[in-house]
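Student: protein.csv is reproduced below (CSV, C-alpha atoms).
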chain,number,residue,atom,x,y,z
A,394,MET,CA,0.0,0.0,0.0
A,395,SER,CA,1.3,3.4,-1.0
A,396,PRO,CA,1.7,5.9,1.9
A,397,PRO,CA,-0.7,8.8,1.8
A,398,VAL,CA,0.5,11.9,-0.1
A,399,ILE,CA,1.2,14.7,2.2
A,400,SER,CA,1.5,18.2,0.8
A,401,ALA,CA,4.9,19.7,1.2
A,402,ASP,CA,3.6,23.2,1.3
A,403,PRO,CA,0.3,23.4,3.2
A,404,THR,CA,-1.6,26.6,2.9
A,405,PRO,CA,-1.1,28.5,6.2
A,406,VAL,CA,-4.1,29.6,8.2
A,407,THR,CA,-4.0,33.4,8.7
A,408,THR,CA,-6.1,35.6,10.9
A,409,PRO,CA,-7.3,38.7,9.2
A,410,VAL,CA,-5.6,41.9,10.5
A,411,LEU,CA,-8.1,44.5,11.6
A,412,ASP,CA,-7.7,48.1,10.4
A,413,PRO,CA,-7.9,50.1,13.7
A,414,LEU,CA,-9.3,53.1,11.7
A,415,GLN,CA,-12.0,51.1,10.0
A,416,LYS,CA,-15.2,51.9,12.0
A,417,ARG,CA,-18.1,49.6,12.7
A,418,THR,CA,-21.6,50.9,13.2
A,419,ARG,CA,-22.6,48.3,15.8
A,420,PRO,CA,-20.7,46.2,18.3
A,421,ARG,CA,-18.9,43.0,17.4
A,422,ARG,CA,-20.0,41.2,20.6
A,423,LEU,CA,-22.9,41.5,23.0
A,424,ILE,CA,-24.0,40.0,26.3
A,425,ASN,CA,-27.1,37.8,26.1
A,426,THR,CA,-29.3,39.2,28.9
A,427,CYS,CA,-30.8,35.8,29.6
A,428,THR,CA,-27.7,33.7,29.7
A,429,ARG,CA,-25.2,36.5,30.6
A,430,LYS,CA,-22.8,35.0,28.0
A,431,LEU,CA,-20.9,36.9,25.4
A,432,GLU,CA,-22.0,36.3,21.8
A,433,GLU,CA,-20.0,37.3,18.6
A,434,PHE,CA,-21.5,39.1,15.6
A,435,PRO,CA,-19.0,39.2,12.7
A,436,SER,CA,-20.8,41.9,10.6
A,437,ASP,CA,-22.8,45.0,11.4
A,438,ASP,CA,-25.9,43.5,9.6
A,439,SER,CA,-25.9,40.5,11.9
A,440,VAL,CA,-26.2,42.6,15.1
A,441,PRO,CA,-29.6,42.4,16.8
A,442,CYS,CA,-31.3,45.3,18.7
A,443,TYR,CA,-29.4,45.9,21.9
A,444,ALA,CA,-29.3,48.1,25.0
A,445,ILE,CA,-26.1,49.7,26.1
A,446,LEU,CA,-24.7,50.6,29.6
A,447,SER,CA,-23.0,53.9,30.5
A,448,HIS,CA,-21.3,53.8,33.9
A,449,ARG,CA,-18.4,54.8,36.0
A,450,TRP,CA,-15.6,52.2,36.3
A,451,GLU,CA,-14.7,51.0,39.7
A,452,ALA,CA,-11.0,50.3,40.2
A,453,GLY,CA,-10.3,46.6,40.7
A,454,GLN,CA,-13.9,45.6,40.4
A,455,GLU,CA,-14.7,45.6,36.7
A,456,ILE,CA,-14.9,42.3,34.7
A,457,SER,CA,-12.7,42.3,31.6
A,458,TYR,CA,-13.3,40.4,28.4
A,459,GLN,CA,-10.9,37.7,29.3
A,460,GLU,CA,-12.5,37.3,32.8
A,461,MET,CA,-16.0,37.2,31.3
A,462,VAL,CA,-15.0,34.4,29.0
A,463,HIS,CA,-13.4,32.4,31.9
A,464,LEU,CA,-15.8,33.4,34.6
A,465,SER,CA,-15.1,31.9,38.1
A,466,ASP,CA,-17.0,32.0,41.4
A,467,THR,CA,-14.5,34.5,42.7
A,468,LEU,CA,-15.1,36.9,39.9
A,469,ARG,CA,-18.8,36.6,40.4
A,470,LEU,CA,-18.3,38.3,43.8
A,471,LYS,CA,-16.9,41.5,42.3
A,472,SER,CA,-19.3,44.5,42.3
A,473,GLY,CA,-18.5,44.8,38.5
A,474,TYR,CA,-20.2,41.4,37.9
A,475,LYS,CA,-23.2,42.4,40.0
A,476,LYS,CA,-23.4,45.5,37.8
A,477,ILE,CA,-23.5,43.3,34.7
A,478,VAL,CA,-26.3,41.1,36.3
A,479,ASN,CA,-28.4,44.1,37.2
A,480,ALA,CA,-27.9,45.8,33.8
A,481,CYS,CA,-28.9,42.5,32.1
A,482,ASN,CA,-32.0,42.2,34.2
A,483,LEU,CA,-33.1,45.8,33.6
A,484,ALA,CA,-32.4,45.6,29.8
A,485,ARG,CA,-34.4,42.4,29.6
A,486,GLN,CA,-37.3,44.0,31.5
A,487,ASP,CA,-37.2,46.8,28.9
A,488,GLY,CA,-37.5,44.2,26.1
A,489,HIS,CA,-33.8,43.8,25.1
A,490,ALA,CA,-32.3,40.4,24.6
A,491,TYR,CA,-28.8,41.8,24.4
A,492,ILE,CA,-26.7,44.5,26.0
A,493,TRP,CA,-23.3,46.0,25.3
A,494,ILE,CA,-21.0,46.9,28.3
A,495,ASP,CA,-17.6,48.3,27.5
A,496,THR,CA,-15.7,46.6,30.3
A,497,CYS,CA,-16.3,43.1,29.1
A,498,CYS,CA,-17.3,43.5,25.5
A,499,ILE,CA,-14.0,45.2,24.4
A,500,ASN,CA,-11.0,42.9,24.2
A,501,SER,CA,-8.3,45.2,25.5
A,502,GLY,CA,-5.7,42.5,24.8
A,503,ASP,CA,-6.2,42.9,21.0
A,504,HIS,CA,-4.9,46.3,19.9
A,505,GLY,CA,-6.6,46.3,16.6
A,506,GLN,CA,-10.0,45.5,18.1
A,507,ARG,CA,-9.6,48.0,21.0
A,508,SER,CA,-8.6,50.8,18.6
A,509,GLN,CA,-11.5,49.9,16.3
A,510,ASP,CA,-14.0,49.9,19.2
A,511,ILE,CA,-12.7,53.2,20.5
A,512,ASN,CA,-13.2,54.8,17.0
A,513,SER,CA,-16.6,53.2,16.7
A,514,MET,CA,-18.0,53.8,20.2
A,515,PHE,CA,-20.1,56.8,19.3
A,516,ASN,CA,-21.7,54.7,16.6
A,517,TYR,CA,-22.4,51.9,19.1
A,518,TYR,CA,-24.3,54.3,21.3
A,519,GLU,CA,-26.0,56.0,18.4
A,520,HIS,CA,-27.4,52.7,17.1
A,521,SER,CA,-28.5,51.3,20.5
A,522,GLY,CA,-32.1,50.8,21.5
A,523,VAL,CA,-31.6,52.6,24.8
A,524,CYS,CA,-28.7,53.8,26.9
A,525,LEU,CA,-29.0,52.8,30.6
A,526,VAL,CA,-27.0,55.4,32.6
A,527,TYR,CA,-26.1,54.0,36.0
A,528,LEU,CA,-25.5,56.8,38.5
A,529,HIS,CA,-23.7,54.8,41.2
A,530,ASP,CA,-23.5,57.8,43.5
A,531,TYR,CA,-27.1,59.0,43.2
A,532,THR,CA,-29.4,57.3,45.7
A,533,THR,CA,-33.1,57.1,45.4
A,534,PRO,CA,-34.6,60.3,47.0
A,535,PRO,CA,-37.4,60.0,49.6
A,536,ASP,CA,-41.0,59.9,48.4
A,537,SER,CA,-39.9,59.1,44.8
A,538,ASN,CA,-42.1,56.1,44.1
A,539,ASP,CA,-44.3,58.2,41.8
A,540,TYR,CA,-41.6,58.5,39.1
A,541,LEU,CA,-39.3,55.5,39.7
A,542,GLY,CA,-39.9,52.0,38.4
A,543,GLY,CA,-42.6,51.4,35.7
A,544,PRO,CA,-43.4,53.5,32.7
A,545,ILE,CA,-45.2,56.8,33.3
A,546,ASP,CA,-46.9,59.6,31.3
A,547,SER,CA,-44.3,62.4,31.4
A,548,ASP,CA,-47.1,65.0,31.0
A,549,GLU,CA,-48.1,64.3,34.5
A,550,PHE,CA,-44.8,65.6,35.8
A,551,ASP,CA,-44.5,69.0,34.2
A,552,ASN,CA,-43.7,70.5,37.6
A,553,TRP,CA,-41.4,67.7,38.7
A,554,LYS,CA,-37.9,68.7,39.7
A,555,PRO,CA,-35.0,66.3,40.2
A,556,SER,CA,-33.2,66.1,43.6
A,557,PRO,CA,-30.2,68.5,43.6
A,558,GLU,CA,-27.8,65.5,44.0
A,559,LEU,CA,-28.6,64.2,40.5
A,560,GLU,CA,-26.5,66.9,38.8
A,561,ASP,CA,-23.8,66.3,41.4
A,562,SER,CA,-23.2,62.8,40.2
A,563,THR,CA,-19.6,62.3,39.0
A,564,TRP,CA,-21.0,60.7,35.9
A,565,PHE,CA,-21.5,64.2,34.5
A,566,SER,CA,-17.8,65.1,34.9
A,567,ARG,CA,-16.2,62.1,33.1
A,568,GLY,CA,-14.8,62.2,29.5
A,569,TRP,CA,-16.4,59.1,27.9
A,570,THR,CA,-19.9,59.9,29.3
A,571,LEU,CA,-20.1,63.0,27.1
A,572,GLN,CA,-20.8,60.9,24.0
A,573,GLU,CA,-22.8,58.5,26.0
A,574,LEU,CA,-25.1,61.3,26.9
A,575,LEU,CA,-25.4,62.7,23.3
A,576,ALA,CA,-25.2,59.8,20.9
A,577,PRO,CA,-28.1,57.4,22.0
A,578,PRO,CA,-31.6,57.9,20.7
A,579,SER,CA,-32.9,57.3,24.2
A,580,VAL,CA,-31.3,57.8,27.6
A,581,LEU,CA,-32.6,56.3,30.8
A,582,PHE,CA,-31.0,57.3,34.1
A,583,ILE,CA,-30.7,54.7,36.8
A,584,THR,CA,-30.3,55.3,40.5
A,585,ALA,CA,-27.7,53.5,42.7
A,586,GLU,CA,-30.5,51.0,43.7
A,587,TRP,CA,-31.0,50.2,40.0
A,588,LYS,CA,-34.4,52.1,39.9
A,589,PRO,CA,-35.0,53.8,36.5
A,590,ILE,CA,-35.9,57.5,36.5
A,591,ARG,CA,-38.6,57.5,33.9
A,592,VAL,CA,-39.3,61.1,33.5
A,593,GLY,CA,-37.6,61.7,30.2
A,594,MET,CA,-34.8,64.0,29.1
A,595,LYS,CA,-37.1,67.0,28.6
A,596,LEU,CA,-37.7,67.3,32.4
A,597,LEU,CA,-34.0,66.8,33.1
A,598,CYS,CA,-32.4,68.9,30.4
A,599,SER,CA,-32.3,72.3,32.2
A,600,ASP,CA,-30.3,70.7,35.1
A,601,ILE,CA,-28.0,68.8,32.7
A,602,GLN,CA,-27.4,72.0,30.7
A,603,ARG,CA,-26.3,73.8,33.8
A,604,VAL,CA,-23.8,71.1,34.8
A,605,THR,CA,-22.5,70.3,31.2
A,606,GLY,CA,-22.7,73.6,29.4
A,607,ILE,CA,-24.5,71.8,26.5
A,608,SER,CA,-27.6,73.6,25.1
A,609,VAL,CA,-31.1,72.2,25.7
A,610,ASP,CA,-31.6,72.1,21.9
A,611,VAL,CA,-28.7,69.6,21.6
A,612,LEU,CA,-29.8,67.6,24.6
A,613,VAL,CA,-33.3,67.0,23.4
A,614,GLY,CA,-32.3,66.4,19.8
A,615,ARG,CA,-33.7,69.6,18.2
A,616,GLU,CA,-30.2,70.6,17.1
A,617,LYS,CA,-27.9,68.0,15.5
A,618,ILE,CA,-24.4,67.6,16.9
A,619,ASN,CA,-22.8,67.9,13.5
A,620,THR,CA,-24.2,71.4,13.2
A,621,ILE,CA,-22.3,72.5,16.3
A,622,SER,CA,-18.9,74.1,15.8
A,623,ILE,CA,-15.8,71.9,16.2
A,624,VAL,CA,-14.4,74.1,18.9
A,625,GLU,CA,-17.6,74.1,20.9
A,626,ARG,CA,-17.9,70.3,20.8
A,627,MET,CA,-14.3,70.0,22.0
A,628,SER,CA,-14.8,72.6,24.7
A,629,TRP,CA,-17.6,70.4,26.2
A,630,ALA,CA,-15.0,67.8,27.2
A,631,ILE,CA,-11.8,69.8,28.0
A,632,ASN,CA,-12.4,69.9,31.8
A,633,ARG,CA,-13.8,66.4,32.1
A,634,GLN,CA,-11.8,63.7,33.8
A,635,THR,CA,-10.6,60.3,32.5
A,636,THR,CA,-8.7,57.4,34.2
A,637,LYS,CA,-6.2,57.3,31.3
A,638,GLU,CA,-5.0,60.8,30.4
A,639,GLU,CA,-5.0,60.1,26.6
A,640,ASP,CA,-8.8,59.4,26.8
A,641,ARG,CA,-9.4,63.1,27.2
A,642,ALA,CA,-8.6,63.3,23.5
A,643,TYR,CA,-9.8,59.9,22.4
A,644,CYS,CA,-13.3,60.4,23.9
A,645,LEU,CA,-13.9,63.2,21.3
A,646,LEU,CA,-13.3,61.1,18.2
A,647,GLY,CA,-17.0,60.2,17.7
A,648,LEU,CA,-18.3,63.6,18.5
A,649,LEU,CA,-16.0,65.1,15.9
A,650,ASP,CA,-16.6,62.3,13.3
A,651,VAL,CA,-12.9,61.5,12.9
A,652,THR,CA,-10.8,58.4,13.5
A,653,MET,CA,-7.4,58.1,15.0
A,654,GLU,CA,-5.4,55.1,16.3
A,655,SER,CA,-5.2,54.9,20.1
A,656,ARG,CA,-1.7,54.9,21.6
A,657,TYR,CA,-2.0,54.6,25.3
A,658,GLY,CA,1.2,55.8,27.0
A,659,GLU,CA,1.8,58.7,24.5
A,660,GLY,CA,0.5,61.3,27.0
A,661,VAL,CA,-2.4,63.6,26.8
A,662,GLU,CA,-0.5,66.5,25.0
A,663,SER,CA,0.6,64.1,22.2
A,664,ALA,CA,-2.9,62.7,21.9
A,665,PHE,CA,-4.4,66.2,21.5
A,666,GLU,CA,-1.6,67.2,19.0
A,667,ARG,CA,-2.4,64.2,16.8
A,668,LEU,CA,-6.1,64.9,17.1
A,669,SER,CA,-5.5,68.5,16.2
A,670,ASN,CA,-3.6,67.4,13.1
A,671,VAL,CA,-6.4,65.1,12.0
A,672,LEU,CA,-8.9,67.9,12.5
A,673,HIS,CA,-6.9,70.4,10.5
A,674,GLU,CA,-6.7,67.8,7.7
A,675,CYS,CA,-10.5,67.1,7.8
A,676,TYR,CA,-11.8,70.6,8.5
A,677,PRO,CA,-9.2,73.1,7.2
A,678,ASP,CA,-11.7,75.8,6.7
A,679,ARG,CA,-13.3,75.5,10.2
A,680,LEU,CA,-10.2,75.7,12.4
A,681,GLU,CA,-8.6,78.9,11.4
A,682,GLY,CA,-6.6,80.3,14.4
A,683,VAL,CA,-6.8,77.0,16.3
A,684,PRO,CA,-3.4,75.9,17.6
A,685,LYS,CA,-1.8,72.6,16.4
A,686,THR,CA,0.4,71.8,19.4
A,687,GLY,CA,-1.0,69.6,22.2
A,688,ARG,CA,-0.5,72.0,25.1
A,689,ASP,CA,-1.6,75.1,23.1
A,690,ILE,CA,-4.8,73.5,21.9
A,691,MET,CA,-5.7,72.3,25.5
A,692,GLU,CA,-5.1,75.8,26.8
A,693,TYR,CA,-7.1,77.3,23.9
A,694,LEU,CA,-10.1,75.0,24.6
A,695,SER,CA,-10.0,75.8,28.3
A,696,VAL,CA,-10.3,79.5,27.6
A,697,LYS,CA,-13.2,78.9,25.2
A,698,ASN,CA,-14.9,76.7,27.7
A,699,ALA,CA,-14.6,79.4,30.4
A,700,GLU,CA,-16.0,82.0,27.9
A,701,THR,CA,-19.1,79.9,27.2
A,702,GLN,CA,-19.7,79.3,30.9
A,703,ASN,CA,-19.7,83.1,31.5
A,704,ASP,CA,-21.5,83.9,28.2
A,705,PRO,CA,-23.5,81.0,26.8
A,706,GLY,CA,-24.1,83.0,23.5
A,707,TRP,CA,-20.4,83.4,22.8
A,708,PHE,CA,-20.3,80.7,20.0
A,709,PHE,CA,-23.3,82.2,18.2
A,710,GLU,CA,-21.6,85.5,18.1
A,711,ASN,CA,-18.3,84.0,16.8
A,712,PRO,CA,-19.5,81.7,13.9
A,713,LEU,CA,-15.9,81.2,12.6
A,714,PHE,CA,-15.4,78.7,15.4
Once more with this new file: its structure as C-alpha cells, please.
Tutor:
Amino acid sequence: MSPPVISADPTPVTTPVLDPLQKRTRPRRLINTCTRKLEEFPSDDSVPCYAILSHRWEAGQEISYQEMVHLSDTLRLKSGYKKIVNACNLARQDGHAYIWIDTCCINSGDHGQRSQDINSMFNYYEHSGVCLVYLHDYTTPPDSNDYLGGPIDSDEFDNWKPSPELEDSTWFSRGWTLQELLAPPSVLFITAEWKPIRVGMKLLCSDIQRVTGISVDVLVGREKINTISIVERMSWAINRQTTKEEDRAYCLLGLLDVTMESRYGEGVESAFERLSNVLHECYPDRLEGVPKTGRDIMEYLSVKNAETQNDPGWFFENPLF
C-alpha cells in the first residue's frame, strides 16, 4: 500500500488583521441578557437590537473580556459582575435580549479590536435601542415612588424637579460619558439602587445643561451635533476627567466624526496634538486660528470653555469657530 500523499507546502491559516481606523456601526460582541454570556457578531448586519450601559468604572472591580470568557465563582463576587447582572435584568425587563457593556465587550488585549472599538464607540451608542445610565452615587430620593420603576406619562410631571444631588453625580464630569449622553436615541438614568428615573430628558435637560454647558436644543435632539462648531464640541470635554489621560482626546473622536489610532502611553498632549492634526486635515476651513500643538490647543479650549460658561451665547456671536 502506498503511503498517503502529504502536501509539502500546506496553505497557512491566517487571521485577518483589523484596520484600527475602520469603523463599525454596531458592536462585534454583546451579552445575552438571559444567559449573561458573550456572543459574537462578525458583521454589522448581523447585530440584533441591543441596550447599552453607561457607567463609572470602579477600580479593581470591573470584569474584563478575558474574565467574562473564563468566569469563576471568585469573579462573580466582584461588584462589577453584580453590575452586569443588574444591567442585564433591567435591559431584559425593557425588552432587550442583548446589551453592550464596555468593560467586558471590548477585548483590550487585542490592539486592533480595541482601537476599532474606540473609534466606533459613538456609533455603538448611536445605534443602541436605549442607553442605561447607571449613576452609582445617586441614591433614590425619599417619596420618589411616583416616578421610579414602571413607565409613566411624562405629561403628569410638568412640575417635577430632580433632587439636587442628581447633577452632582460624578457621571457628568467624566470624559467618555459625554458621547454616552449625546449619541443614544434614548437615555434612561438609573439610581444607585437600580431604579430607573422614567421622567424623560425633557424634564432633566435644564439641570443637565447647567452642569455640562450643553444647550437644551442639543440635549433633546432639536439641534444635530454635527451642526455645532468643532471648537464648541471640543470645549464640552476639556475639563472632564478620565482614568487614562489620553482618553481626554480619544473620547472626542466620535463627537468630531474623525478616526485616530489609540496609543496609550503617549501622553495627553501628544494625543491632543495628533487629534488637532487630524482635525486640520479634515476641516481646514473650520479651524482657522486654532493651535496645532497639544499644550496650546488644550489651553485654547480651556479659555473657550470658560468664555461659554460666562457667556452661553459666545459661540453664536463667533460663527468662525
Student: Using only C-alpha atoms and a cutoff of 12 Å, can you tell me which residues are near (-5.7, 64.9, 18.1) in the file's coordinates, and write them out as an NGL selection string?
Tutor: :A and (627 or 639-646 or 649 or 651-656 or 659-675 or 684-688 or 690-691)
Student: Would you compute the distance between atom CA of A:Trp493 and atom CA of A:Ile424? Give it in Å to one decimal.
Tutor: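 One can read the atom CA of A:Trp493 to atom CA of A:Ile424 distance as 6.1 Å.
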Student: Show me, as a VMD selection string, the residues that have an atom within 12 Å of A:Cys481 when counting all atoms listed in the file, minus same-chain residues fewer than 2 positions from it.
Tutor: chain A and resid 423 to 431 443 to 446 474 to 479 483 to 494 525 587
Student: Work out how far apart atom CA of A:Leu612 and atom CA of A:Glu692 are and give it in Å to one decimal.
Tutor: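 Distance reported for this atom pair: 26.1 Å.
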Student: What is the atom CA of A:Thr467 to atom CA of A:Glu451 distance in Å?
Tutor: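 Separation between atom CA of A:Thr467 and atom CA of A:Glu451: 16.8 Å.
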Student: Go through A:Pro435, A:Gly606, A:Pro420, A:Pro578 one by one, measure the shortest atom-to-atom distance of each to A:Tyr517 using only C-alpha atoms, and give the residue with the smallest value.
Tutor: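 Selected residue with least distance to A:Tyr517: A:Pro420.
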Student: Point out the residue among A:Leu597, A:Gly647, A:Val611, A:Asn632 with the least atom-to-atom distance to A:Thr418, counting all atoms listed in the file.
Tutor: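 Under the stated criterion, the closest residue is A:Gly647.
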Student: Rank A:Trp564, A:Leu468, A:Ser436, A:Cys498 by their smallest atom-to-atom distance to A:Gln634, using only C-alpha atoms, and report the top residue only.
Tutor: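 Distance minimum relative to A:Gln634 lands on A:Trp564.
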Student: May I have the residues within 7 Å of stretch 471-473 of chain A as an MDAnalysis selection string, using only C-alpha atoms and disregarding those fewer than 4 positions away in the same chain?
Tutor: chainID A and resid 454:456 477
Student: Which one of A:Thr533, A:Gln572, A:Asn500, A:Thr605 sits closest to A:Ile618 if you count only C-alpha atoms?
Tutor: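 Smallest separation from A:Ile618 among the options: A:Gln572.
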Student: Looking at A:Ile621, A:Ile601, A:Ala480, A:Val683, which one is nearest to A:Leu571, with distances taken over all atoms listed in the file?
Tutor: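 Using all atoms listed in the file, the shortest distance to A:Leu571 belongs to A:Ile601.
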Student: Would you mind telling me which residue in A:Ile607, A:Leu464, A:Leu574, A:Val526 lies nearest to A:Lys588 when using all atoms listed in the file?
Tutor: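 Using all atoms listed in the file, A:Lys588 sits closest to A:Val526.
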